[in-house]
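Asker: For reference, the file my_file02.txt (compact mmCIF, N, CA and C atoms and all ligand atoms) is included below:
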```txt
# COMPACT_ATOMS: atom_id res chain seq x y z
N MET A 1 14.37 -103.08 -23.43
CA MET A 1 13.46 -101.99 -23.78
C MET A 1 14.19 -100.99 -24.68
N ALA A 2 13.41 -100.17 -25.34
CA ALA A 2 13.98 -99.19 -26.26
C ALA A 2 14.96 -98.26 -25.56
N GLU A 3 14.68 -97.92 -24.30
CA GLU A 3 15.54 -96.98 -23.59
C GLU A 3 16.98 -97.47 -23.50
N LYS A 4 17.15 -98.78 -23.42
CA LYS A 4 18.50 -99.33 -23.27
C LYS A 4 19.33 -99.14 -24.53
N ALA A 5 18.65 -98.94 -25.66
CA ALA A 5 19.37 -98.73 -26.91
C ALA A 5 20.03 -97.36 -26.94
N TYR A 6 19.63 -96.47 -26.05
CA TYR A 6 20.17 -95.12 -26.03
C TYR A 6 21.29 -95.03 -25.02
N PRO A 7 22.38 -94.37 -25.38
CA PRO A 7 23.50 -94.27 -24.46
C PRO A 7 23.37 -93.16 -23.42
N TYR A 8 22.23 -92.51 -23.32
CA TYR A 8 22.08 -91.43 -22.34
C TYR A 8 22.47 -91.90 -20.95
N ASN A 9 23.03 -91.00 -20.16
CA ASN A 9 23.23 -91.28 -18.74
C ASN A 9 21.93 -90.92 -18.01
N SER A 10 21.95 -91.03 -16.69
CA SER A 10 20.70 -90.80 -15.95
C SER A 10 20.25 -89.34 -16.07
N VAL A 11 21.22 -88.42 -16.13
CA VAL A 11 20.86 -87.00 -16.31
C VAL A 11 20.22 -86.82 -17.68
N GLY A 12 20.81 -87.46 -18.69
CA GLY A 12 20.27 -87.36 -20.04
C GLY A 12 18.87 -87.94 -20.12
N MET A 13 18.66 -89.06 -19.46
CA MET A 13 17.33 -89.68 -19.47
C MET A 13 16.31 -88.76 -18.81
N ASP A 14 16.76 -88.06 -17.77
CA ASP A 14 15.86 -87.15 -17.07
C ASP A 14 15.47 -86.00 -18.00
N HIS A 15 16.43 -85.47 -18.75
CA HIS A 15 16.12 -84.38 -19.69
C HIS A 15 15.22 -84.88 -20.82
N LEU A 16 15.39 -86.18 -21.16
CA LEU A 16 14.57 -86.77 -22.22
C LEU A 16 13.12 -86.92 -21.75
N LYS A 17 12.99 -87.40 -20.53
CA LYS A 17 11.63 -87.70 -20.03
C LYS A 17 10.95 -86.49 -19.40
N HIS A 18 11.75 -85.63 -18.79
CA HIS A 18 11.17 -84.46 -18.10
C HIS A 18 11.92 -83.19 -18.51
N PRO A 19 11.81 -82.81 -19.76
CA PRO A 19 12.56 -81.61 -20.19
C PRO A 19 12.14 -80.38 -19.39
N GLY A 20 13.15 -79.56 -19.06
CA GLY A 20 12.86 -78.34 -18.29
C GLY A 20 13.01 -77.11 -19.17
N ASN A 21 12.47 -76.01 -18.69
CA ASN A 21 12.61 -74.72 -19.37
C ASN A 21 11.98 -74.70 -20.76
N MET A 22 10.88 -75.44 -20.88
CA MET A 22 10.19 -75.49 -22.16
C MET A 22 9.14 -74.37 -22.20
N GLY A 23 9.04 -73.71 -23.34
CA GLY A 23 7.98 -72.73 -23.50
C GLY A 23 8.46 -71.40 -24.03
N GLU A 24 7.53 -70.46 -24.09
CA GLU A 24 7.83 -69.12 -24.58
C GLU A 24 8.35 -68.29 -23.41
N MET A 25 9.13 -67.27 -23.73
CA MET A 25 9.61 -66.35 -22.69
C MET A 25 8.99 -64.98 -22.96
N GLU A 26 8.60 -64.32 -21.88
CA GLU A 26 8.07 -62.98 -22.04
C GLU A 26 9.22 -62.01 -22.23
N SER A 27 9.12 -61.16 -23.20
CA SER A 27 10.16 -60.19 -23.58
C SER A 27 11.59 -60.70 -23.44
N PRO A 28 11.95 -61.64 -24.30
CA PRO A 28 13.34 -62.14 -24.30
C PRO A 28 14.29 -61.07 -24.85
N ASP A 29 15.56 -61.20 -24.51
CA ASP A 29 16.57 -60.28 -25.04
C ASP A 29 17.18 -60.82 -26.34
N GLY A 30 16.97 -62.10 -26.59
CA GLY A 30 17.49 -62.69 -27.82
C GLY A 30 16.73 -63.96 -28.13
N ILE A 31 16.49 -64.18 -29.42
CA ILE A 31 15.82 -65.41 -29.86
C ILE A 31 16.64 -66.03 -30.98
N GLY A 32 16.90 -67.31 -30.86
CA GLY A 32 17.64 -67.99 -31.91
C GLY A 32 16.85 -69.17 -32.42
N GLU A 33 16.75 -69.26 -33.73
CA GLU A 33 16.03 -70.40 -34.31
C GLU A 33 16.99 -71.20 -35.18
N ALA A 34 16.81 -72.49 -35.13
CA ALA A 34 17.64 -73.36 -35.95
C ALA A 34 16.77 -74.48 -36.50
N GLN A 35 17.10 -74.88 -37.70
CA GLN A 35 16.35 -75.99 -38.31
C GLN A 35 17.34 -76.97 -38.93
N ASN A 36 17.04 -78.21 -38.75
CA ASN A 36 17.85 -79.22 -39.42
C ASN A 36 17.25 -79.45 -40.80
N PRO A 37 18.03 -79.18 -41.85
CA PRO A 37 17.48 -79.28 -43.20
C PRO A 37 17.11 -80.71 -43.59
N VAL A 38 17.71 -81.68 -42.92
CA VAL A 38 17.46 -83.07 -43.31
C VAL A 38 16.14 -83.58 -42.72
N CYS A 39 16.00 -83.45 -41.40
CA CYS A 39 14.80 -83.99 -40.76
C CYS A 39 13.69 -82.95 -40.63
N GLY A 40 14.06 -81.66 -40.75
CA GLY A 40 13.06 -80.61 -40.65
C GLY A 40 12.75 -80.18 -39.23
N ASP A 41 13.41 -80.80 -38.24
CA ASP A 41 13.16 -80.43 -36.85
C ASP A 41 13.65 -79.01 -36.58
N THR A 42 12.92 -78.31 -35.71
CA THR A 42 13.29 -76.93 -35.42
C THR A 42 13.39 -76.69 -33.92
N MET A 43 14.23 -75.73 -33.57
CA MET A 43 14.38 -75.33 -32.17
C MET A 43 14.39 -73.82 -32.10
N ARG A 44 13.67 -73.30 -31.13
CA ARG A 44 13.70 -71.87 -30.87
C ARG A 44 14.19 -71.68 -29.44
N LEU A 45 15.24 -70.92 -29.27
CA LEU A 45 15.84 -70.68 -27.96
C LEU A 45 15.70 -69.21 -27.62
N SER A 46 15.11 -68.92 -26.47
CA SER A 46 14.96 -67.53 -26.02
C SER A 46 15.86 -67.32 -24.81
N ILE A 47 16.55 -66.19 -24.80
CA ILE A 47 17.43 -65.91 -23.66
C ILE A 47 17.12 -64.54 -23.05
N LYS A 48 17.32 -64.48 -21.77
CA LYS A 48 17.21 -63.21 -21.03
C LYS A 48 18.63 -62.92 -20.54
N VAL A 49 19.10 -61.71 -20.82
CA VAL A 49 20.49 -61.36 -20.50
C VAL A 49 20.53 -60.14 -19.60
N GLU A 50 21.29 -60.23 -18.53
CA GLU A 50 21.49 -59.08 -17.64
C GLU A 50 22.98 -58.87 -17.47
N THR A 51 23.41 -57.64 -17.71
CA THR A 51 24.83 -57.26 -17.67
C THR A 51 25.72 -58.34 -18.31
N GLY A 52 25.33 -58.71 -19.50
CA GLY A 52 26.15 -59.62 -20.30
C GLY A 52 26.06 -61.09 -19.92
N ARG A 53 25.22 -61.40 -18.92
CA ARG A 53 25.13 -62.79 -18.46
C ARG A 53 23.72 -63.35 -18.73
N ILE A 54 23.65 -64.58 -19.18
CA ILE A 54 22.35 -65.20 -19.46
C ILE A 54 21.72 -65.63 -18.13
N VAL A 55 20.61 -65.00 -17.79
CA VAL A 55 19.98 -65.30 -16.51
C VAL A 55 18.79 -66.24 -16.65
N ASP A 56 18.28 -66.38 -17.90
CA ASP A 56 17.18 -67.32 -18.10
C ASP A 56 17.20 -67.79 -19.56
N ALA A 57 16.74 -68.99 -19.76
CA ALA A 57 16.69 -69.55 -21.11
C ALA A 57 15.50 -70.49 -21.21
N LYS A 58 14.80 -70.39 -22.33
CA LYS A 58 13.66 -71.28 -22.58
C LYS A 58 13.72 -71.76 -24.02
N PHE A 59 13.12 -72.93 -24.25
CA PHE A 59 13.15 -73.45 -25.61
C PHE A 59 11.80 -73.96 -26.05
N LEU A 60 11.61 -73.94 -27.35
CA LEU A 60 10.47 -74.61 -27.98
C LEU A 60 11.06 -75.43 -29.10
N THR A 61 10.94 -76.72 -29.02
CA THR A 61 11.53 -77.57 -30.03
C THR A 61 10.48 -78.49 -30.62
N PHE A 62 10.41 -78.48 -31.93
CA PHE A 62 9.52 -79.40 -32.61
C PHE A 62 10.43 -80.44 -33.27
N GLY A 63 10.57 -81.53 -32.59
CA GLY A 63 11.50 -82.51 -33.12
C GLY A 63 11.52 -83.77 -32.29
N CYS A 64 12.58 -84.52 -32.47
CA CYS A 64 12.69 -85.82 -31.83
C CYS A 64 13.05 -85.69 -30.35
N GLY A 65 13.04 -86.80 -29.66
CA GLY A 65 13.36 -86.82 -28.23
C GLY A 65 14.77 -86.33 -27.96
N ALA A 66 15.71 -86.70 -28.81
CA ALA A 66 17.10 -86.27 -28.61
C ALA A 66 17.23 -84.76 -28.77
N ALA A 67 16.48 -84.19 -29.69
CA ALA A 67 16.52 -82.74 -29.88
C ALA A 67 15.92 -82.05 -28.66
N ILE A 68 14.87 -82.61 -28.11
CA ILE A 68 14.25 -82.01 -26.93
C ILE A 68 15.16 -82.15 -25.71
N ALA A 69 15.78 -83.31 -25.54
CA ALA A 69 16.72 -83.50 -24.43
C ALA A 69 17.91 -82.55 -24.58
N SER A 70 18.40 -82.40 -25.82
CA SER A 70 19.53 -81.49 -26.07
C SER A 70 19.13 -80.05 -25.76
N SER A 71 17.91 -79.69 -26.12
CA SER A 71 17.43 -78.33 -25.87
C SER A 71 17.34 -78.06 -24.37
N SER A 72 16.77 -79.03 -23.66
CA SER A 72 16.61 -78.90 -22.22
C SER A 72 17.98 -78.77 -21.55
N MET A 73 18.91 -79.62 -21.95
CA MET A 73 20.27 -79.57 -21.39
C MET A 73 20.93 -78.24 -21.72
N THR A 74 20.72 -77.77 -22.94
CA THR A 74 21.33 -76.51 -23.36
C THR A 74 20.89 -75.35 -22.48
N THR A 75 19.60 -75.29 -22.16
CA THR A 75 19.13 -74.19 -21.33
C THR A 75 19.84 -74.22 -19.98
N GLU A 76 20.05 -75.42 -19.44
CA GLU A 76 20.74 -75.54 -18.15
C GLU A 76 22.20 -75.13 -18.29
N MET A 77 22.81 -75.51 -19.41
CA MET A 77 24.25 -75.26 -19.58
C MET A 77 24.56 -73.78 -19.80
N ILE A 78 23.66 -73.05 -20.44
CA ILE A 78 24.00 -71.65 -20.74
C ILE A 78 23.55 -70.68 -19.65
N LYS A 79 22.64 -71.12 -18.79
CA LYS A 79 22.20 -70.22 -17.71
C LYS A 79 23.36 -69.93 -16.78
N GLY A 80 23.58 -68.65 -16.51
CA GLY A 80 24.67 -68.25 -15.62
C GLY A 80 25.95 -67.93 -16.38
N LYS A 81 25.98 -68.25 -17.67
CA LYS A 81 27.18 -67.97 -18.45
C LYS A 81 27.06 -66.59 -19.11
N THR A 82 28.22 -65.98 -19.38
CA THR A 82 28.21 -64.77 -20.20
C THR A 82 27.89 -65.21 -21.62
N THR A 83 27.52 -64.25 -22.46
CA THR A 83 27.21 -64.62 -23.84
C THR A 83 28.45 -65.19 -24.54
N ASP A 84 29.62 -64.65 -24.20
CA ASP A 84 30.86 -65.19 -24.79
C ASP A 84 31.07 -66.64 -24.35
N GLU A 85 30.83 -66.92 -23.07
CA GLU A 85 30.99 -68.29 -22.57
C GLU A 85 29.98 -69.23 -23.21
N ALA A 86 28.75 -68.74 -23.42
CA ALA A 86 27.70 -69.58 -24.03
C ALA A 86 28.10 -69.99 -25.44
N LEU A 87 28.82 -69.11 -26.14
CA LEU A 87 29.24 -69.43 -27.50
C LEU A 87 30.27 -70.55 -27.53
N LEU A 88 30.86 -70.84 -26.39
CA LEU A 88 31.84 -71.93 -26.33
C LEU A 88 31.18 -73.29 -26.10
N VAL A 89 29.87 -73.28 -25.83
CA VAL A 89 29.16 -74.55 -25.62
C VAL A 89 28.95 -75.21 -26.99
N SER A 90 29.52 -76.37 -27.15
CA SER A 90 29.47 -77.05 -28.46
C SER A 90 28.45 -78.18 -28.45
N ASP A 91 28.11 -78.64 -29.63
CA ASP A 91 27.19 -79.78 -29.72
C ASP A 91 27.78 -81.00 -29.02
N GLN A 92 29.11 -81.14 -29.10
CA GLN A 92 29.77 -82.28 -28.44
C GLN A 92 29.60 -82.19 -26.92
N MET A 93 29.74 -80.97 -26.38
CA MET A 93 29.58 -80.79 -24.93
C MET A 93 28.15 -81.13 -24.50
N ILE A 94 27.19 -80.74 -25.32
CA ILE A 94 25.78 -81.01 -25.00
C ILE A 94 25.54 -82.53 -25.03
N ALA A 95 26.04 -83.18 -26.07
CA ALA A 95 25.87 -84.63 -26.19
C ALA A 95 26.57 -85.35 -25.04
N ASP A 96 27.78 -84.89 -24.69
CA ASP A 96 28.51 -85.51 -23.58
C ASP A 96 27.75 -85.36 -22.27
N ALA A 97 27.18 -84.17 -22.06
CA ALA A 97 26.45 -83.93 -20.81
C ALA A 97 25.24 -84.85 -20.69
N LEU A 98 24.70 -85.25 -21.84
CA LEU A 98 23.54 -86.16 -21.83
C LEU A 98 23.98 -87.62 -21.68
N GLY A 99 25.29 -87.83 -21.72
CA GLY A 99 25.80 -89.20 -21.61
C GLY A 99 26.03 -89.81 -22.97
N GLY A 100 26.02 -88.98 -24.00
CA GLY A 100 26.25 -89.46 -25.36
C GLY A 100 24.94 -89.59 -26.11
N LEU A 101 25.03 -89.45 -27.42
CA LEU A 101 23.85 -89.63 -28.28
C LEU A 101 24.15 -90.73 -29.28
N PRO A 102 23.16 -91.48 -29.68
CA PRO A 102 23.38 -92.50 -30.71
C PRO A 102 23.89 -91.79 -31.98
N PRO A 103 24.72 -92.45 -32.78
CA PRO A 103 25.28 -91.82 -33.98
C PRO A 103 24.21 -91.17 -34.87
N SER A 104 23.07 -91.79 -34.96
CA SER A 104 22.02 -91.25 -35.83
C SER A 104 21.37 -90.00 -35.23
N LYS A 105 21.73 -89.68 -33.97
CA LYS A 105 21.09 -88.54 -33.30
C LYS A 105 22.07 -87.41 -32.99
N VAL A 106 23.30 -87.56 -33.45
CA VAL A 106 24.30 -86.52 -33.15
C VAL A 106 23.87 -85.17 -33.71
N HIS A 107 23.22 -85.18 -34.87
CA HIS A 107 22.82 -83.90 -35.46
C HIS A 107 21.79 -83.16 -34.60
N CYS A 108 21.14 -83.87 -33.69
CA CYS A 108 20.11 -83.24 -32.85
C CYS A 108 20.76 -82.25 -31.88
N SER A 109 21.98 -82.57 -31.40
CA SER A 109 22.66 -81.63 -30.51
C SER A 109 23.25 -80.48 -31.31
N VAL A 110 23.52 -80.72 -32.60
CA VAL A 110 24.02 -79.63 -33.46
C VAL A 110 22.94 -78.55 -33.58
N LEU A 111 21.70 -78.98 -33.60
CA LEU A 111 20.58 -78.05 -33.66
C LEU A 111 20.64 -77.08 -32.48
N ALA A 112 20.93 -77.62 -31.29
CA ALA A 112 20.99 -76.80 -30.08
C ALA A 112 22.16 -75.82 -30.14
N GLU A 113 23.30 -76.30 -30.64
CA GLU A 113 24.46 -75.39 -30.75
C GLU A 113 24.14 -74.24 -31.70
N LYS A 114 23.50 -74.55 -32.80
CA LYS A 114 23.14 -73.50 -33.77
C LYS A 114 22.19 -72.49 -33.15
N ALA A 115 21.26 -72.99 -32.33
CA ALA A 115 20.27 -72.11 -31.70
C ALA A 115 20.95 -71.17 -30.70
N ILE A 116 21.95 -71.66 -29.97
CA ILE A 116 22.69 -70.79 -29.03
C ILE A 116 23.34 -69.65 -29.82
N ARG A 117 24.03 -70.00 -30.90
CA ARG A 117 24.73 -68.99 -31.70
C ARG A 117 23.74 -67.96 -32.26
N ALA A 118 22.60 -68.45 -32.71
CA ALA A 118 21.60 -67.54 -33.29
C ALA A 118 21.01 -66.64 -32.21
N ALA A 119 20.78 -67.18 -31.01
CA ALA A 119 20.19 -66.38 -29.94
C ALA A 119 21.16 -65.30 -29.47
N VAL A 120 22.44 -65.63 -29.35
CA VAL A 120 23.44 -64.64 -28.93
C VAL A 120 23.60 -63.58 -30.02
N ALA A 121 23.59 -64.01 -31.28
CA ALA A 121 23.71 -63.06 -32.39
C ALA A 121 22.51 -62.10 -32.38
N ASP A 122 21.33 -62.63 -32.13
CA ASP A 122 20.13 -61.80 -32.09
C ASP A 122 20.21 -60.81 -30.92
N TYR A 123 20.67 -61.29 -29.77
CA TYR A 123 20.83 -60.43 -28.60
C TYR A 123 21.78 -59.27 -28.94
N ARG A 124 22.90 -59.60 -29.56
CA ARG A 124 23.91 -58.59 -29.87
C ARG A 124 23.38 -57.59 -30.90
N LYS A 125 22.60 -58.09 -31.84
CA LYS A 125 22.02 -57.20 -32.85
C LYS A 125 21.03 -56.22 -32.19
N ARG A 126 20.22 -56.77 -31.31
CA ARG A 126 19.23 -55.91 -30.61
C ARG A 126 19.91 -54.84 -29.77
N LYS A 127 21.05 -55.22 -29.19
CA LYS A 127 21.77 -54.28 -28.31
C LYS A 127 22.68 -53.36 -29.11
N GLY A 128 22.68 -53.58 -30.41
CA GLY A 128 23.48 -52.71 -31.26
C GLY A 128 24.95 -53.05 -31.27
N GLY A 129 25.26 -54.30 -31.17
CA GLY A 129 26.66 -54.67 -31.31
C GLY A 129 26.98 -55.89 -30.55
FE1 LIG B 1 16.16 -84.26 -36.32
FE2 LIG B 1 16.61 -85.18 -33.96
S1 LIG B 1 15.94 -86.32 -35.68
S2 LIG B 1 16.78 -83.14 -34.60
```
Would you mind writing the file's structure down as structure tokens?
Ligand code: FES
Answerer:
Amino acid sequence: MAEKAYPYNSVGMDHLKHPGNMGEMESPDGIGEAQNPVCGDTMRLSIKVETGRIVDAKFLTFGCGAAIASSSMTTEMIKGKTTDEALLVSDQMIADALGGLPPSKVHCSVLAEKAIRAAVADYRKRKGG
């Protein structure tokens, strides 16, 4: 089956089939948008921050399954982290957490990394620094 062609682990498959934290957030503290110039897929990541720590994250991604799985995983990975810690989450870490991505899909996790950086930058701008 097609699923076997993907190197995702069981956690990755779960994020692929049942992505969590999808949707809009009411009054987010930061919003980050990223677009892949090649495929045109986009991700919007909203974060809620309390005393410097990300307490909630939601995403809206218009893109492929790998981008959606990466987005879902990203929201789980950054929740509970400080904004500084969230900036250390790399596309490689996201792909690893999913059990790996096919070579043609590696850029999908890059989209998620860019969205984290944009969301934290937006949060910092809103807070004035
Ligand atoms: Fe473009 Fe996945 S194919 S983000």
Asker: May I ask you to write as a ChimeraX atom specification all residues lying at most 6 Å from ligand LIG 1 (chain B), with only C-alpha atoms and all ligand atoms counted?
Answerer: /A:39,41,63-64,66-67,105,108
Asker: Report, in Å to a single decimal, how far apart atom CA of A:Ser10 and atom CA of A:Ala97 are.
Answerer: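 For atom CA of A:Ala97 relative to atom CA of A:Ser10, the distance reads 10.2 Å.
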Asker: May I have all residues of chain A that DSSP, computed from the backbone, assigns to strand (DSSP E), given as a ChimeraX atom specification?
Answerer: /A:30-35,42-50,53-62
Asker: Would you save the residues from that selection as a PDB file, in the frame of the given file, using N, CA and C atoms?
Answerer:
```pdb
ATOM      1  N   GLY A  30      16.970 -62.100 -26.590  1.00  0.00           N
ATOM      2  CA  GLY A  30      17.490 -62.690 -27.820  1.00  0.00           C
ATOM      3  C   GLY A  30      16.730 -63.960 -28.130  1.00  0.00           C
ATOM      4  N   ILE A  31      16.490 -64.180 -29.420  1.00  0.00           N
ATOM      5  CA  ILE A  31      15.820 -65.410 -29.860  1.00  0.00           C
ATOM      6  C   ILE A  31      16.640 -66.030 -30.980  1.00  0.00           C
ATOM      7  N   GLY A  32      16.900 -67.310 -30.860  1.00  0.00           N
ATOM      8  CA  GLY A  32      17.640 -67.990 -31.910  1.00  0.00           C
ATOM      9  C   GLY A  32      16.850 -69.170 -32.420  1.00  0.00           C
ATOM     10  N   GLU A  33      16.750 -69.260 -33.730  1.00  0.00           N
ATOM     11  CA  GLU A  33      16.030 -70.400 -34.310  1.00  0.00           C
ATOM     12  C   GLU A  33      16.990 -71.200 -35.180  1.00  0.00           C
ATOM     13  N   ALA A  34      16.810 -72.490 -35.130  1.00  0.00           N
ATOM     14  CA  ALA A  34      17.640 -73.360 -35.950  1.00  0.00           C
ATOM     15  C   ALA A  34      16.770 -74.480 -36.500  1.00  0.00           C
ATOM     16  N   GLN A  35      17.100 -74.880 -37.700  1.00  0.00           N
ATOM     17  CA  GLN A  35      16.350 -75.990 -38.310  1.00  0.00           C
ATOM     18  C   GLN A  35      17.340 -76.970 -38.930  1.00  0.00           C
ATOM     19  N   THR A  42      12.920 -78.310 -35.710  1.00  0.00           N
ATOM     20  CA  THR A  42      13.290 -76.930 -35.420  1.00  0.00           C
ATOM     21  C   THR A  42      13.390 -76.690 -33.920  1.00  0.00           C
ATOM     22  N   MET A  43      14.230 -75.730 -33.570  1.00  0.00           N
ATOM     23  CA  MET A  43      14.380 -75.330 -32.170  1.00  0.00           C
ATOM     24  C   MET A  43      14.390 -73.820 -32.100  1.00  0.00           C
ATOM     25  N   ARG A  44      13.670 -73.300 -31.130  1.00  0.00           N
ATOM     26  CA  ARG A  44      13.700 -71.870 -30.870  1.00  0.00           C
ATOM     27  C   ARG A  44      14.190 -71.680 -29.440  1.00  0.00           C
ATOM     28  N   LEU A  45      15.240 -70.920 -29.270  1.00  0.00           N
ATOM     29  CA  LEU A  45      15.840 -70.680 -27.960  1.00  0.00           C
ATOM     30  C   LEU A  45      15.700 -69.210 -27.620  1.00  0.00           C
ATOM     31  N   SER A  46      15.110 -68.920 -26.470  1.00  0.00           N
ATOM     32  CA  SER A  46      14.960 -67.530 -26.020  1.00  0.00           C
ATOM     33  C   SER A  46      15.860 -67.320 -24.810  1.00  0.00           C
ATOM     34  N   ILE A  47      16.550 -66.190 -24.800  1.00  0.00           N
ATOM     35  CA  ILE A  47      17.430 -65.910 -23.660  1.00  0.00           C
ATOM     36  C   ILE A  47      17.120 -64.540 -23.050  1.00  0.00           C
ATOM     37  N   LYS A  48      17.320 -64.480 -21.770  1.00  0.00           N
ATOM     38  CA  LYS A  48      17.210 -63.210 -21.030  1.00  0.00           C
ATOM     39  C   LYS A  48      18.630 -62.920 -20.540  1.00  0.00           C
ATOM     40  N   VAL A  49      19.100 -61.710 -20.820  1.00  0.00           N
ATOM     41  CA  VAL A  49      20.490 -61.360 -20.500  1.00  0.00           C
ATOM     42  C   VAL A  49      20.530 -60.140 -19.600  1.00  0.00           C
ATOM     43  N   GLU A  50      21.290 -60.230 -18.530  1.00  0.00           N
ATOM     44  CA  GLU A  50      21.490 -59.080 -17.640  1.00  0.00           C
ATOM     45  C   GLU A  50      22.980 -58.870 -17.470  1.00  0.00           C
ATOM     46  N   ARG A  53      25.220 -61.400 -18.920  1.00  0.00           N
ATOM     47  CA  ARG A  53      25.130 -62.790 -18.460  1.00  0.00           C
ATOM     48  C   ARG A  53      23.720 -63.350 -18.730  1.00  0.00           C
ATOM     49  N   ILE A  54      23.650 -64.580 -19.180  1.00  0.00           N
ATOM     50  CA  ILE A  54      22.350 -65.200 -19.460  1.00  0.00           C
ATOM     51  C   ILE A  54      21.720 -65.630 -18.130  1.00  0.00           C
ATOM     52  N   VAL A  55      20.610 -65.000 -17.790  1.00  0.00           N
ATOM     53  CA  VAL A  55      19.980 -65.300 -16.510  1.00  0.00           C
ATOM     54  C   VAL A  55      18.790 -66.240 -16.650  1.00  0.00           C
ATOM     55  N   ASP A  56      18.280 -66.380 -17.900  1.00  0.00           N
ATOM     56  CA  ASP A  56      17.180 -67.320 -18.100  1.00  0.00           C
ATOM     57  C   ASP A  56      17.200 -67.790 -19.560  1.00  0.00           C
ATOM     58  N   ALA A  57      16.740 -68.990 -19.760  1.00  0.00           N
ATOM     59  CA  ALA A  57      16.690 -69.550 -21.110  1.00  0.00           C
ATOM     60  C   ALA A  57      15.500 -70.490 -21.210  1.00  0.00           C
ATOM     61  N   LYS A  58      14.800 -70.390 -22.330  1.00  0.00           N
ATOM     62  CA  LYS A  58      13.660 -71.280 -22.580  1.00  0.00           C
ATOM     63  C   LYS A  58      13.720 -71.760 -24.020  1.00  0.00           C
ATOM     64  N   PHE A  59      13.120 -72.930 -24.250  1.00  0.00           N
ATOM     65  CA  PHE A  59      13.150 -73.450 -25.610  1.00  0.00           C
ATOM     66  C   PHE A  59      11.800 -73.960 -26.050  1.00  0.00           C
ATOM     67  N   LEU A  60      11.610 -73.940 -27.350  1.00  0.00           N
ATOM     68  CA  LEU A  60      10.470 -74.610 -27.980  1.00  0.00           C
ATOM     69  C   LEU A  60      11.060 -75.430 -29.100  1.00  0.00           C
ATOM     70  N   THR A  61      10.940 -76.720 -29.020  1.00  0.00           N
ATOM     71  CA  THR A  61      11.530 -77.570 -30.030  1.00  0.00           C
ATOM     72  C   THR A  61      10.480 -78.490 -30.620  1.00  0.00           C
ATOM     73  N   PHE A  62      10.410 -78.480 -31.930  1.00  0.00           N
ATOM     74  CA  PHE A  62       9.520 -79.400 -32.610  1.00  0.00           C
ATOM     75  C   PHE A  62      10.430 -80.440 -33.270  1.00  0.00           C
TER      76      PHE A  62
END
```
Asker: For A:Thr74, which residue among A:Leu101, A:Ile94, A:Phe62, A:Ser27 is the nearest when counting only N, CA and C atoms?
Answerer: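 Of all the options, A:Ile94 lies closest to A:Thr74.
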Asker: Do a neighbour search on A:Thr75 at 7 Å with all atoms listed in the file, toss out local chain neighbours closer than 4 positions, and write the hits as an NGL selection string.
Answerer: :A and (21 or 56-59 or 70-71 or 79)
Asker: Identify, on the basis of all atoms listed in the file, every residue whose closest approach to A:Gly12 does not exceed 8 Å; exclude the query and any residue fewer than 2 positions from it along the same chain; express the result as an mmCIF file with N, CA and C atoms, keeping the file's coordinate frame.
Answerer:
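Heads up, here's the output in selection38.cif:
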```cif
data_model
loop_
_atom_site.group_PDB
_atom_site.id
_atom_site.type_symbol
_atom_site.label_atom_id
_atom_site.label_comp_id
_atom_site.auth_asym_id
_atom_site.auth_seq_id
_atom_site.Cartn_x
_atom_site.Cartn_y
_atom_site.Cartn_z
ATOM 1 N N PRO A 7 22.380 -94.370 -25.380
ATOM 2 C CA PRO A 7 23.500 -94.270 -24.460
ATOM 3 C C PRO A 7 23.370 -93.160 -23.420
ATOM 4 N N TYR A 8 22.230 -92.510 -23.320
ATOM 5 C CA TYR A 8 22.080 -91.430 -22.340
ATOM 6 C C TYR A 8 22.470 -91.900 -20.950
ATOM 7 N N ASN A 9 23.030 -91.000 -20.160
ATOM 8 C CA ASN A 9 23.230 -91.280 -18.740
ATOM 9 C C ASN A 9 21.930 -90.920 -18.010
ATOM 10 N N SER A 10 21.950 -91.030 -16.690
ATOM 11 C CA SER A 10 20.700 -90.800 -15.950
ATOM 12 C C SER A 10 20.250 -89.340 -16.070
ATOM 13 N N ASP A 14 16.760 -88.060 -17.770
ATOM 14 C CA ASP A 14 15.860 -87.150 -17.070
ATOM 15 C C ASP A 14 15.470 -86.000 -18.000
ATOM 16 N N HIS A 15 16.430 -85.470 -18.750
ATOM 17 C CA HIS A 15 16.120 -84.380 -19.690
ATOM 18 C C HIS A 15 15.220 -84.880 -20.820
ATOM 19 N N LEU A 16 15.390 -86.180 -21.160
ATOM 20 C CA LEU A 16 14.570 -86.770 -22.220
ATOM 21 C C LEU A 16 13.120 -86.920 -21.750
ATOM 22 N N LYS A 17 12.990 -87.400 -20.530
ATOM 23 C CA LYS A 17 11.630 -87.700 -20.030
ATOM 24 C C LYS A 17 10.950 -86.490 -19.400
ATOM 25 N N HIS A 18 11.750 -85.630 -18.790
ATOM 26 C CA HIS A 18 11.170 -84.460 -18.100
ATOM 27 C C HIS A 18 11.920 -83.190 -18.510
ATOM 28 N N ALA A 69 15.780 -83.310 -25.540
ATOM 29 C CA ALA A 69 16.720 -83.500 -24.430
ATOM 30 C C ALA A 69 17.910 -82.550 -24.580
ATOM 31 N N SER A 70 18.400 -82.400 -25.820
ATOM 32 C CA SER A 70 19.530 -81.490 -26.070
ATOM 33 C C SER A 70 19.130 -80.050 -25.760
ATOM 34 N N MET A 73 18.910 -79.620 -21.950
ATOM 35 C CA MET A 73 20.270 -79.570 -21.390
ATOM 36 C C MET A 73 20.930 -78.240 -21.720
ATOM 37 N N ALA A 97 27.180 -84.170 -22.060
ATOM 38 C CA ALA A 97 26.450 -83.930 -20.810
ATOM 39 C C ALA A 97 25.240 -84.850 -20.690
ATOM 40 N N LEU A 98 24.700 -85.250 -21.840
ATOM 41 C CA LEU A 98 23.540 -86.160 -21.830
ATOM 42 C C LEU A 98 23.980 -87.620 -21.680
ATOM 43 N N GLY A 99 25.290 -87.830 -21.720
ATOM 44 C CA GLY A 99 25.800 -89.200 -21.610
ATOM 45 C C GLY A 99 26.030 -89.810 -22.970
ATOM 46 N N GLY A 100 26.020 -88.980 -24.000
ATOM 47 C CA GLY A 100 26.250 -89.460 -25.360
ATOM 48 C C GLY A 100 24.940 -89.590 -26.110
#
```
Asker: Could you give me, as a ChimeraX atom specification, the residues within 6.5 Å of A:Ser90, counting only N, CA and C atoms and dropping anything in the same chain fewer than 3 positions from it?
Answerer: /A:87,93-95,109,113
